file protein27.cif (mmCIF, C-alpha atoms)
data_data
loop_
_atom_site.label_atom_id
_atom_site.label_comp_id
_atom_site.auth_asym_id
_atom_site.auth_seq_id
_atom_site.Cartn_x
_atom_site.Cartn_y
_atom_site.Cartn_z
CA MET C 1 113.62 139.03 96.96
CA LYS C 2 115.11 136.64 94.39
CA ASN C 3 113.95 136.30 90.79
CA VAL C 4 113.12 132.65 90.07
CA ALA C 5 112.60 131.20 86.60
CA ILE C 6 110.38 128.12 86.85
CA ILE C 7 111.33 126.37 83.64
CA CYS C 8 108.88 123.87 82.10
CA GLY C 9 107.65 122.46 78.81
CA GLY C 10 110.26 120.58 76.84
CA ASP C 11 110.18 118.43 73.74
CA SER C 12 108.63 115.17 74.89
CA GLY C 13 105.24 113.64 75.60
CA GLU C 14 105.52 115.09 79.09
CA PHE C 15 105.06 118.73 77.98
CA GLU C 16 101.62 119.25 79.55
CA ILE C 17 102.60 117.45 82.77
CA SER C 18 105.66 119.67 83.03
CA VAL C 19 103.59 122.85 82.64
CA LYS C 20 101.22 121.64 85.37
CA SER C 21 104.20 120.98 87.65
CA ALA C 22 105.46 124.52 87.03
CA HIS C 23 102.13 126.04 88.06
CA VAL C 24 102.18 124.00 91.28
CA VAL C 25 105.69 125.25 92.02
CA LYS C 26 104.69 128.88 91.38
CA LYS C 27 101.58 128.52 93.55
CA ASN C 28 103.63 127.18 96.46
CA LEU C 29 106.70 129.44 96.39
CA ASN C 30 106.73 131.99 99.18
CA PRO C 31 105.95 135.37 97.50
CA GLN C 32 107.75 137.17 100.34
CA GLN C 33 111.01 135.44 99.36
CA PHE C 34 110.71 134.79 95.64
CA ASP C 35 109.45 136.70 92.62
CA SER C 36 108.76 133.79 90.26
CA LEU C 37 107.95 133.57 86.58
CA ILE C 38 107.12 130.53 84.47
CA ILE C 39 109.41 130.06 81.46
CA VAL C 40 108.23 127.62 78.78
CA VAL C 41 110.95 126.08 76.62
CA SER C 42 110.69 123.92 73.51
CA LYS C 43 112.14 123.67 70.02
CA LYS C 44 109.30 125.96 68.90
CA GLY C 45 110.61 128.76 71.08
CA TRP C 46 111.23 129.98 74.62
CA TYR C 47 108.84 132.40 76.29
CA GLY C 48 107.85 133.77 79.64
CA LEU C 49 104.26 133.10 80.67
CA LEU C 50 102.99 136.18 82.49
CA ASP C 51 100.19 136.06 85.06
CA ASP C 52 97.72 137.51 82.54
CA GLY C 53 98.54 134.74 80.03
CA THR C 54 100.74 136.97 77.86
CA HIS C 55 103.75 135.34 76.17
CA VAL C 56 107.05 137.24 76.22
CA ASP C 57 110.03 135.93 74.25
CA VAL C 58 113.15 134.92 76.16
CA ASP C 59 116.46 136.45 75.12
CA LYS C 60 118.67 133.34 75.10
CA ASN C 61 121.83 135.47 75.00
CA ASP C 62 121.49 136.18 78.72
CA PHE C 63 118.29 134.27 79.67
CA SER C 64 116.19 137.38 80.27
CA ILE C 65 112.80 138.78 79.30
CA MET C 66 111.37 142.28 78.92
CA VAL C 67 108.38 143.08 81.15
CA GLU C 68 106.79 146.54 80.84
CA GLY C 69 109.99 147.95 79.37
CA ARG C 70 112.15 146.46 82.11
CA LYS C 71 114.70 143.71 81.55
CA VAL C 72 114.17 140.87 84.01
CA LYS C 73 117.13 138.57 84.73
CA PHE C 74 117.01 135.57 87.02
CA ASP C 75 118.94 134.69 90.16
CA VAL C 76 118.04 131.00 90.03
CA ALA C 77 116.27 128.48 87.80
CA PHE C 78 113.80 125.92 89.14
CA ASN C 79 113.91 123.01 86.68
CA ALA C 80 110.44 121.53 86.13
CA VAL C 81 111.09 120.11 82.64
CA HIS C 82 110.28 116.40 82.59
CA GLY C 83 112.11 114.82 79.65
CA GLU C 84 114.13 116.72 77.04
CA PRO C 85 115.88 119.16 77.42
CA GLY C 86 115.50 119.54 81.18
CA GLU C 87 116.07 116.00 82.38
CA ASN C 88 118.72 114.83 79.91
CA GLY C 89 121.32 117.58 80.32
CA PRO C 90 121.16 120.37 77.68
CA LEU C 91 119.20 122.79 79.86
CA SER C 92 121.61 122.29 82.78
CA GLY C 93 124.55 122.95 80.44
CA TYR C 94 122.96 126.13 79.08
CA LEU C 95 122.21 127.49 82.57
CA GLU C 96 125.77 126.72 83.64
CA LEU C 97 127.08 128.73 80.68
CA MET C 98 124.76 131.59 81.68
CA GLY C 99 126.04 131.43 85.26
CA ILE C 100 122.53 130.76 86.62
CA PRO C 101 122.29 128.21 89.46
CA CYS C 102 119.72 125.45 88.91
CA THR C 103 117.77 123.32 91.37
CA SER C 104 118.41 120.04 89.53
CA SER C 105 121.54 117.99 88.81
CA ASP C 106 124.31 119.07 86.44
CA GLN C 107 124.61 118.15 82.78
CA THR C 108 126.63 114.97 83.29
CA THR C 109 124.32 113.50 85.93
CA CYS C 110 121.22 114.39 83.92
CA ALA C 111 122.59 112.79 80.75
CA LEU C 112 123.64 109.62 82.57
CA THR C 113 120.47 109.07 84.56
CA PHE C 114 118.16 109.87 81.63
CA HIS C 115 119.69 107.05 79.61
CA LYS C 116 118.13 104.05 81.33
CA ASP C 117 120.70 101.52 80.13
CA PHE C 118 123.79 103.64 80.92
CA CYS C 119 122.35 104.43 84.34
CA LYS C 120 121.67 100.76 85.11
CA ARG C 121 125.22 99.80 84.14
CA VAL C 122 126.71 102.41 86.48
CA VAL C 123 124.32 101.48 89.29
CA ALA C 124 125.17 97.79 88.86
CA SER C 125 128.87 98.64 89.23
CA TYR C 126 128.10 99.65 92.82
CA GLY C 127 126.67 96.22 93.61
CA VAL C 128 122.99 97.07 93.19
CA ASN C 129 120.67 94.52 91.54
CA VAL C 130 119.38 95.47 88.08
CA SER C 131 117.28 93.50 85.62
CA PRO C 132 119.10 92.02 82.56
CA SER C 133 118.44 93.83 79.28
CA VAL C 134 119.35 94.00 75.58
CA LEU C 135 119.76 97.17 73.50
CA ILE C 136 118.54 97.72 69.93
CA ASN C 137 119.53 100.83 67.96
CA LYS C 138 117.26 102.31 65.30
CA GLY C 139 118.10 100.74 61.94
CA ASP C 140 119.83 97.71 63.46
CA ASP C 141 118.92 94.20 62.40
CA TYR C 142 117.89 92.14 65.40
CA ASP C 143 117.01 88.52 66.07
CA ALA C 144 113.64 88.65 67.81
CA ALA C 145 113.62 84.96 68.65
CA ALA C 146 117.10 85.12 70.20
CA ILE C 147 116.20 88.16 72.32
CA ILE C 148 112.99 86.57 73.53
CA LYS C 149 114.84 83.38 74.39
CA GLY C 150 117.60 85.25 76.20
CA ILE C 151 115.44 87.68 78.15
CA GLY C 152 112.32 85.56 78.56
CA LEU C 153 108.67 86.56 78.66
CA PRO C 154 107.12 88.69 79.91
CA MET C 155 109.55 91.56 79.31
CA PHE C 156 109.42 95.33 79.07
CA VAL C 157 110.30 97.04 75.79
CA LYS C 158 111.03 100.74 76.30
CA PRO C 159 112.92 103.70 74.84
CA THR C 160 116.22 104.15 76.65
CA CYS C 161 115.69 107.91 76.81
CA ASN C 162 112.17 108.94 77.70
CA GLY C 163 109.95 109.46 80.70
CA SER C 164 106.42 108.90 82.05
CA SER C 165 106.46 105.41 80.48
CA VAL C 166 105.90 106.93 77.02
CA GLY C 167 106.51 104.23 74.40
CA VAL C 168 106.74 101.41 76.98
CA THR C 169 105.07 98.03 76.39
CA LYS C 170 104.85 94.97 78.59
CA VAL C 171 105.37 92.13 76.12
CA LYS C 172 103.75 88.86 77.12
CA THR C 173 103.70 86.96 73.80
CA GLU C 174 106.09 86.58 70.87
CA GLU C 175 103.54 88.27 68.59
CA GLN C 176 103.66 91.43 70.68
CA PHE C 177 107.43 91.82 70.47
CA VAL C 178 107.96 93.46 67.05
CA PRO C 179 105.02 95.92 67.45
CA ALA C 180 106.44 96.85 70.87
CA ILE C 181 109.83 97.59 69.28
CA GLU C 182 108.15 99.82 66.70
CA THR C 183 106.20 101.67 69.43
CA ALA C 184 109.37 102.29 71.44
CA MET C 185 111.36 103.37 68.37
CA ALA C 186 108.67 105.96 67.62
CA ALA C 187 109.57 107.56 70.95
CA GLY C 188 113.37 107.34 70.63
CA ASN C 189 116.33 106.07 68.63
CA GLN C 190 117.29 103.26 70.95
CA VAL C 191 115.23 100.56 72.64
CA MET C 192 115.86 98.47 75.74
CA CYS C 193 114.37 94.99 76.10
CA GLU C 194 114.34 94.37 79.84
CA LYS C 195 113.56 91.22 81.81
CA PHE C 196 110.35 91.50 83.83
CA VAL C 197 110.86 91.24 87.58
CA LYS C 198 107.74 90.25 89.47
CA GLY C 199 107.28 92.07 92.74
CA ARG C 200 106.14 95.22 94.52
CA GLU C 201 107.16 98.65 93.19
CA PHE C 202 108.46 101.39 95.48
CA GLY C 203 109.60 104.98 95.01
CA CYS C 204 112.12 106.58 97.35
CA GLY C 205 112.74 110.31 97.37
CA ALA C 206 115.91 111.95 98.62
CA MET C 207 117.43 115.39 98.86
CA GLU C 208 120.64 116.84 100.21
CA TYR C 209 120.05 120.03 102.15
CA LYS C 210 122.85 122.11 103.64
CA GLY C 211 125.21 119.17 103.44
CA LYS C 212 122.87 116.68 105.11
CA MET C 213 121.11 113.81 103.35
CA MET C 214 117.35 113.59 103.71
CA VAL C 215 115.69 110.34 102.63
CA PHE C 216 111.90 110.54 102.51
CA PRO C 217 109.36 107.86 103.51
CA LEU C 218 108.80 105.16 100.88
CA THR C 219 105.81 105.07 98.55
CA GLU C 220 104.39 101.81 97.25
CA ILE C 221 103.11 102.18 93.70
CA CYS C 222 100.10 99.91 93.08
CA SER C 223 99.06 100.33 89.46
CA LYS C 224 95.67 99.00 88.38
CA ASN C 225 97.00 98.64 84.83
CA GLU C 226 99.55 96.08 83.64
CA PHE C 227 102.28 98.37 84.99
CA PHE C 228 102.83 101.98 86.08
CA ASP C 229 102.21 103.35 82.58
CA TYR C 230 101.29 106.87 81.43
CA GLU C 231 97.58 106.31 82.08
CA ALA C 232 98.22 104.93 85.57
CA LYS C 233 100.53 107.86 86.36
CA TYR C 234 98.14 110.63 85.37
CA THR C 235 94.58 109.25 85.47
CA ALA C 236 92.68 109.43 88.73
CA GLY C 237 91.75 106.02 90.10
CA LYS C 238 94.23 104.09 87.94
CA CYS C 239 96.89 103.78 90.63
CA ASP C 240 97.10 103.68 94.41
CA GLU C 241 100.20 105.31 95.87
CA VAL C 242 100.61 104.40 99.52
CA THR C 243 102.81 106.72 101.62
CA PRO C 244 104.33 105.66 103.93
CA ALA C 245 104.56 102.21 102.37
CA LYS C 246 103.78 99.15 104.44
CA VAL C 247 107.02 97.20 104.13
CA ASP C 248 109.29 95.22 106.43
CA GLU C 249 112.05 97.12 108.19
CA ASP C 250 114.97 95.35 106.48
CA THR C 251 113.61 96.13 102.99
CA GLU C 252 112.92 99.75 103.94
CA ILE C 253 116.45 100.18 105.27
CA GLU C 254 117.97 98.60 102.14
CA ILE C 255 116.00 100.83 99.76
CA LYS C 256 116.74 104.00 101.71
CA ALA C 257 120.43 103.16 102.13
CA THR C 258 120.74 102.32 98.42
CA THR C 259 119.03 105.60 97.48
CA ALA C 260 121.34 107.65 99.70
CA MET C 261 124.40 105.88 98.30
CA LEU C 262 123.33 106.30 94.67
CA TYR C 263 122.41 109.95 95.24
CA GLU C 264 126.01 110.54 96.25
CA LYS C 265 127.66 108.28 93.66
CA LEU C 266 125.63 109.71 90.77
CA GLU C 267 126.32 113.26 92.07
CA CYS C 268 122.66 114.19 92.23
CA LYS C 269 121.40 117.60 93.29
CA GLY C 270 117.99 118.76 94.47
CA PHE C 271 115.20 116.32 95.18
CA VAL C 272 115.16 113.11 93.17
CA ARG C 273 113.18 109.86 93.21
CA MET C 274 114.59 106.40 92.68
CA ASP C 275 112.32 103.48 91.86
CA TYR C 276 112.72 99.84 92.82
CA ILE C 277 111.05 96.45 92.49
CA VAL C 278 111.12 94.22 95.57
CA SER C 279 110.90 90.57 94.49
CA ASP C 280 111.58 87.20 96.10
CA GLU C 281 115.12 87.53 94.70
CA GLY C 282 115.82 90.88 96.37
CA VAL C 283 115.62 94.62 95.70
CA PHE C 284 116.08 95.68 92.05
CA PHE C 285 116.82 99.23 90.91
CA ILE C 286 114.56 100.43 88.06
CA GLU C 287 115.51 104.05 87.35
CA ALA C 288 116.39 107.45 88.76
CA ASN C 289 114.04 110.40 88.25
CA ILE C 290 116.12 113.57 88.37
CA VAL C 291 113.16 115.89 87.72
CA PRO C 292 110.24 114.00 89.30
CA GLY C 293 106.62 115.11 89.10
CA MET C 294 105.74 118.07 91.31
CA SER C 295 101.97 118.18 91.26
CA GLU C 296 100.29 118.10 94.65
CA ALA C 297 99.33 114.47 93.98
CA SER C 298 102.83 113.42 92.84
CA ILE C 299 105.00 111.02 94.80
CA ILE C 300 107.74 113.38 96.03
CA PRO C 301 105.28 115.97 97.41
CA ALA C 302 103.37 113.16 99.17
CA GLN C 303 106.60 111.86 100.70
CA ALA C 304 107.65 115.35 101.75
CA ARG C 305 104.32 115.96 103.49
CA CYS C 306 104.69 112.63 105.29
CA PHE C 307 108.17 113.79 106.28
CA GLY C 308 106.66 116.95 107.74
CA LEU C 309 107.46 119.38 104.90
CA THR C 310 104.96 121.60 103.11
CA LEU C 311 105.39 122.15 99.38
CA GLU C 312 106.34 125.74 100.14
CA ARG C 313 109.16 124.51 102.37
CA LEU C 314 110.24 121.74 99.97
CA PHE C 315 110.48 124.04 96.96
CA GLY C 316 112.06 126.78 99.03
CA MET C 317 114.74 124.38 100.28
CA ALA C 318 115.54 123.35 96.70
CA ILE C 319 116.18 126.98 95.82
CA GLU C 320 118.10 127.74 99.02
CA ASN C 321 120.40 124.83 98.20
CA VAL C 322 121.79 126.56 95.13
CA LEU C 323 121.67 130.25 96.05
#

call {"tool": "encode", "arguments": {"input": "protein27.cif", "output": "structure tokens"}}
result
Amino acid sequence: MKNVAIICGGDSGEFEISVKSAHVVKKNLNPQQFDSLIIVVSKKGWYGLLDDGTHVDVDKNDFSIMVEGRKVKFDVAFNAVHGEPGENGPLSGYLELMGIPCTSSDQTTCALTFHKDFCKRVVASYGVNVSPSVLINKGDDYDAAAIIKGIGLPMFVKPTCNGSSVGVTKVKTEEQFVPAIETAMAAGNQVMCEKFVKGREFGCGAMEYKGKMMVFPLTEICSKNEFFDYEAKYTAGKCDEVTPAKVDEDTEIEIKATTAMLYEKLECKGFVRMDYIVSDEGVFFIEANIVPGMSEASIIPAQARCFGLTLERLFGMAIENVL
């Protein structure tokens, strides 16, 4: 029996989603193999969430908690923190210092992939198509007209470091540009203005297990909103996610091969999801999700089921990978 800390929460707009993911993980872990406990982390404090709803403070000196007078330490951490600090690196670094194996990627990979612009630049260096973009730092003067002329409309304006499309705007007119910058800056210190690529959106999950690469069936993401925004992600009826996606064989092979290659090049660990737009001009990489959603309705679980894996098996495999 291994003690598993299912870590969730964080310091972003994805806090509640992360907590829901953690409960799904706990529900689906095999109780004959794993003794699991949800650990909520944020700048307000770290605590263990006991089954009766009691909060118990975490001792950060050794990542332990006291339960009924007994010190509980953990054999492994299951990272379910969407956004900071679980998806951008600090949590991975802390766990490494504590000597606790973690189901997600290491600090370097998390930091790189969480920064959308840095990640795109690295991905492009491997010959993968990415959409042109311009960066604006908080406090910088910028020429709105020049950016609009260079990128073209419509475009996406988004924080470089955030998730679940928090702070993202699809800008279709010049008048929308400056308010979109302000919205994105409210969610981060750096903004990316990215050329809109018209096409179909796909998510591709992958996981290395016992040295072998597993690439899951594709999911087509059909948002009923302007794009796959926060509402479309988490509101029933706002998005259709089709798994397996109906797509031609050549496109499917390209997306899966690109995902497997990037998984290796970016030194990913655990299950990840990479998103793409398929346009008339080819396949374009959007972003890598190092800690993707884990609710029963999320994309990776749907792909795993299509692949023949239950959530119990999927989550168990993620833990087995690092023990």

call {"tool": "atom_distance", "arguments": {"input": "protein27.cif", "atom1": "atom CA of Ile277 of chain C", "atom2": "atom CA of Gly203 of chain C"}}
result
9.0 Å

call {"tool": "residues_around", "arguments": {"input": "protein27.cif", "residues": "Ala288 of chain C", "least_positions_apart": "3", "cutoff": "10 Å", "atoms": "all atoms listed in the file", "output": "compact mmCIF listing (two decimals) with C-alpha atoms, keeping the file's coordinate frame"}}
result
# COMPACT_ATOMS: atom_id res chain seq x y z
CA CYS C 110 121.22 114.39 83.92
CA LEU C 112 123.64 109.62 82.57
CA THR C 113 120.47 109.07 84.56
CA PHE C 114 118.16 109.87 81.63
CA HIS C 115 119.69 107.05 79.61
CA LYS C 116 118.13 104.05 81.33
CA CYS C 119 122.35 104.43 84.34
CA LYS C 120 121.67 100.76 85.11
CA VAL C 123 124.32 101.48 89.29
CA GLY C 203 109.60 104.98 95.01
CA CYS C 204 112.12 106.58 97.35
CA GLY C 205 112.74 110.31 97.37
CA THR C 259 119.03 105.60 97.48
CA LEU C 262 123.33 106.30 94.67
CA TYR C 263 122.41 109.95 95.24
CA LEU C 266 125.63 109.71 90.77
CA CYS C 268 122.66 114.19 92.23
CA VAL C 272 115.16 113.11 93.17
CA ARG C 273 113.18 109.86 93.21
CA MET C 274 114.59 106.40 92.68
CA ASP C 275 112.32 103.48 91.86
CA TYR C 276 112.72 99.84 92.82
CA PHE C 285 116.82 99.23 90.91
CA VAL C 291 113.16 115.89 87.72
CA PRO C 292 110.24 114.00 89.30

call {"tool": "atom_distance", "arguments": {"input": "protein27.cif", "atom1": "atom CA of Asn61 of chain C", "atom2": "atom CA of Ile100 of chain C"}}
result
12.6 Å

call {"tool": "residues_around", "arguments": {"input": "protein27.cif", "residues": "Glu87 of chain C", "least_positions_apart": "5", "cutoff": "9 Å", "atoms": "all atoms listed in the file", "output": "list of chain:residue names"}}
result
C:Asn79, C:Ala80, C:Val81, C:His82, C:Ser92, C:Ser104, C:Ser105, C:Gln107, C:Cys110, C:Ala111, C:Thr113, C:Phe114, C:Asn289, C:Ile290, C:Val291

call {"tool": "resolve_selection", "arguments": {"input": "protein27.cif", "expression": "the PyMOL selection byres ((chain C and resi 178) around 12)", "output": "short mmCIF file (atom, residue, chain, number, x, y, z; two decimals) with C-alpha atoms, keeping the file's coordinate frame"}}
result
data_model
loop_
_atom_site.label_atom_id
_atom_site.label_comp_id
_atom_site.auth_asym_id
_atom_site.auth_seq_id
_atom_site.Cartn_x
_atom_site.Cartn_y
_atom_site.Cartn_z
CA ILE C 136 118.54 97.72 69.93
CA ASP C 141 118.92 94.20 62.40
CA TYR C 142 117.89 92.14 65.40
CA ASP C 143 117.01 88.52 66.07
CA ALA C 144 113.64 88.65 67.81
CA ALA C 145 113.62 84.96 68.65
CA ILE C 147 116.20 88.16 72.32
CA ILE C 148 112.99 86.57 73.53
CA VAL C 157 110.30 97.04 75.79
CA THR C 169 105.07 98.03 76.39
CA VAL C 171 105.37 92.13 76.12
CA LYS C 172 103.75 88.86 77.12
CA THR C 173 103.70 86.96 73.80
CA GLU C 174 106.09 86.58 70.87
CA GLU C 175 103.54 88.27 68.59
CA GLN C 176 103.66 91.43 70.68
CA PHE C 177 107.43 91.82 70.47
CA PRO C 179 105.02 95.92 67.45
CA ALA C 180 106.44 96.85 70.87
CA ILE C 181 109.83 97.59 69.28
CA GLU C 182 108.15 99.82 66.70
CA THR C 183 106.20 101.67 69.43
CA ALA C 184 109.37 102.29 71.44
CA MET C 185 111.36 103.37 68.37
CA VAL C 191 115.23 100.56 72.64
CA CYS C 193 114.37 94.99 76.10
#

call {"tool": "atom_distance", "arguments": {"input": "protein27.cif", "atom1": "atom CA of Arg200 of chain C", "atom2": "atom CA of Ser125 of chain C"}}
result
23.6 Å

call {"tool": "resolve_selection", "arguments": {"input": "protein27.cif", "expression": "the PyMOL selection byres ((chain C and resi 199) around 12)", "output": "ChimeraX atom specification"}}
result
/C:196-198,200-202,220-222,227,276-284

call {"tool": "write_last_selection", "arguments": {"input": "protein27.cif", "atoms": "C-alpha atoms", "output": "mmCIF file, in the frame of the given file"}}
result
data_model
loop_
_atom_site.group_PDB
_atom_site.id
_atom_site.type_symbol
_atom_site.label_atom_id
_atom_site.label_comp_id
_atom_site.auth_asym_id
_atom_site.auth_seq_id
_atom_site.Cartn_x
_atom_site.Cartn_y
_atom_site.Cartn_z
ATOM 1 C CA PHE C 196 110.350 91.500 83.830
ATOM 2 C CA VAL C 197 110.860 91.240 87.580
ATOM 3 C CA LYS C 198 107.740 90.250 89.470
ATOM 4 C CA ARG C 200 106.140 95.220 94.520
ATOM 5 C CA GLU C 201 107.160 98.650 93.190
ATOM 6 C CA PHE C 202 108.460 101.390 95.480
ATOM 7 C CA GLU C 220 104.390 101.810 97.250
ATOM 8 C CA ILE C 221 103.110 102.180 93.700
ATOM 9 C CA CYS C 222 100.100 99.910 93.080
ATOM 10 C CA PHE C 227 102.280 98.370 84.990
ATOM 11 C CA TYR C 276 112.720 99.840 92.820
ATOM 12 C CA ILE C 277 111.050 96.450 92.490
ATOM 13 C CA VAL C 278 111.120 94.220 95.570
ATOM 14 C CA SER C 279 110.900 90.570 94.490
ATOM 15 C CA ASP C 280 111.580 87.200 96.100
ATOM 16 C CA GLU C 281 115.120 87.530 94.700
ATOM 17 C CA GLY C 282 115.820 90.880 96.370
ATOM 18 C CA VAL C 283 115.620 94.620 95.700
ATOM 19 C CA PHE C 284 116.080 95.680 92.050
#

call {"tool": "residues_around", "arguments": {"input": "protein27.cif", "residues": "Tyr209 of chain C", "least_positions_apart": "3", "cutoff": "10 Å", "atoms": "only C-alpha atoms", "output": "list of chain:residue names"}}
result
C:Ala206, C:Lys212, C:Met213, C:Met214, C:Lys269, C:Gly270, C:Phe271, C:Met317, C:Ala318, C:Glu320, C:Asn321, C:Val322

call {"tool": "resolve_selection", "arguments": {"input": "protein27.cif", "expression": "the PyMOL selection byres ((chain C and resi 99) around 12)", "output": "mmCIF file with C-alpha atoms, keeping the file's coordinate frame"}}
result
data_model
loop_
_atom_site.group_PDB
_atom_site.id
_atom_site.type_symbol
_atom_site.label_atom_id
_atom_site.label_comp_id
_atom_site.auth_asym_id
_atom_site.auth_seq_id
_atom_site.Cartn_x
_atom_site.Cartn_y
_atom_site.Cartn_z
ATOM 1 C CA ASN C 61 121.830 135.470 75.000
ATOM 2 C CA ASP C 62 121.490 136.180 78.720
ATOM 3 C CA PHE C 63 118.290 134.270 79.670
ATOM 4 C CA LYS C 73 117.130 138.570 84.730
ATOM 5 C CA PHE C 74 117.010 135.570 87.020
ATOM 6 C CA ASP C 75 118.940 134.690 90.160
ATOM 7 C CA VAL C 76 118.040 131.000 90.030
ATOM 8 C CA ALA C 77 116.270 128.480 87.800
ATOM 9 C CA SER C 92 121.610 122.290 82.780
ATOM 10 C CA GLY C 93 124.550 122.950 80.440
ATOM 11 C CA TYR C 94 122.960 126.130 79.080
ATOM 12 C CA LEU C 95 122.210 127.490 82.570
ATOM 13 C CA GLU C 96 125.770 126.720 83.640
ATOM 14 C CA LEU C 97 127.080 128.730 80.680
ATOM 15 C CA MET C 98 124.760 131.590 81.680
ATOM 16 C CA ILE C 100 122.530 130.760 86.620
ATOM 17 C CA PRO C 101 122.290 128.210 89.460
ATOM 18 C CA CYS C 102 119.720 125.450 88.910
ATOM 19 C CA VAL C 322 121.790 126.560 95.130
ATOM 20 C CA LEU C 323 121.670 130.250 96.050
#

call {"tool": "closest_residue", "arguments": {"input": "protein27.cif", "among": "C:Leu153, C:Met192, C:Val72, C:Ala260", "to": "Val58 of chain C", "atoms": "all atoms listed in the file"}}
result
C:Val72

call {"tool": "build_atoms", "arguments": {"input": "protein27.cif", "residues": "segment 291-297 of chain C", "atoms": "all heavy atoms", "output": "PDB file, in the frame of the given file"}}
result
ATOM      1  N   VAL C 291     114.162 114.819  87.639  1.00  0.00           N
ATOM      2  CA  VAL C 291     113.160 115.890  87.720  1.00  0.00           C
ATOM      3  C   VAL C 291     111.797 115.212  87.884  1.00  0.00           C
ATOM      4  O   VAL C 291     111.022 115.102  86.927  1.00  0.00           O
ATOM      5  CB  VAL C 291     113.172 116.800  86.479  1.00  0.00           C
ATOM      6  CG1 VAL C 291     112.225 117.993  86.684  1.00  0.00           C
ATOM      7  CG2 VAL C 291     114.580 117.314  86.184  1.00  0.00           C
ATOM      8  N   PRO C 292     111.495 114.729  89.088  1.00  0.00           N
ATOM      9  CA  PRO C 292     110.240 114.000  89.300  1.00  0.00           C
ATOM     10  C   PRO C 292     109.036 114.931  89.274  1.00  0.00           C
ATOM     11  O   PRO C 292     109.164 116.152  89.377  1.00  0.00           O
ATOM     12  CB  PRO C 292     110.431 113.394  90.700  1.00  0.00           C
ATOM     13  CG  PRO C 292     111.377 114.316  91.385  1.00  0.00           C
ATOM     14  CD  PRO C 292     112.305 114.820  90.308  1.00  0.00           C
ATOM     15  N   GLY C 293     107.856 114.332  89.126  1.00  0.00           N
ATOM     16  CA  GLY C 293     106.620 115.110  89.100  1.00  0.00           C
ATOM     17  C   GLY C 293     106.448 115.942  90.356  1.00  0.00           C
ATOM     18  O   GLY C 293     106.815 115.526  91.451  1.00  0.00           O
ATOM     19  N   MET C 294     105.876 117.139  90.191  1.00  0.00           N
ATOM     20  CA  MET C 294     105.740 118.070  91.310  1.00  0.00           C
ATOM     21  C   MET C 294     104.320 118.534  91.531  1.00  0.00           C
ATOM     22  O   MET C 294     104.080 119.532  92.204  1.00  0.00           O
ATOM     23  CB  MET C 294     106.668 119.260  91.090  1.00  0.00           C
ATOM     24  CG  MET C 294     108.130 118.920  91.292  1.00  0.00           C
ATOM     25  SD  MET C 294     109.209 120.214  90.655  1.00  0.00           S
ATOM     26  CE  MET C 294     109.776 119.505  89.121  1.00  0.00           C
ATOM     27  N   SER C 295     103.346 117.816  90.961  1.00  0.00           N
ATOM     28  CA  SER C 295     101.970 118.180  91.260  1.00  0.00           C
ATOM     29  C   SER C 295     101.675 117.813  92.709  1.00  0.00           C
ATOM     30  O   SER C 295     102.413 117.042  93.330  1.00  0.00           O
ATOM     31  CB  SER C 295     101.001 117.432  90.325  1.00  0.00           C
ATOM     32  OG  SER C 295     100.913 116.062  90.692  1.00  0.00           O
ATOM     33  N   GLU C 296     100.592 118.354  93.241  1.00  0.00           N
ATOM     34  CA  GLU C 296     100.290 118.100  94.650  1.00  0.00           C
ATOM     35  C   GLU C 296      99.976 116.638  94.896  1.00  0.00           C
ATOM     36  O   GLU C 296     100.046 116.165  96.035  1.00  0.00           O
ATOM     37  CB  GLU C 296      99.143 119.008  95.089  1.00  0.00           C
ATOM     38  CG  GLU C 296      99.532 120.492  95.008  1.00  0.00           C
ATOM     39  CD  GLU C 296      98.505 121.404  95.634  1.00  0.00           C
ATOM     40  OE1 GLU C 296      97.684 120.924  96.417  1.00  0.00           O
ATOM     41  OE2 GLU C 296      98.541 122.607  95.340  1.00  0.00           O
ATOM     42  N   ALA C 297      99.628 115.887  93.836  1.00  0.00           N
ATOM     43  CA  ALA C 297      99.330 114.470  93.980  1.00  0.00           C
ATOM     44  C   ALA C 297     100.523 113.590  93.631  1.00  0.00           C
ATOM     45  O   ALA C 297     100.438 112.359  93.707  1.00  0.00           O
ATOM     46  CB  ALA C 297      98.141 114.104  93.093  1.00  0.00           C
TER      47      ALA C 297
END
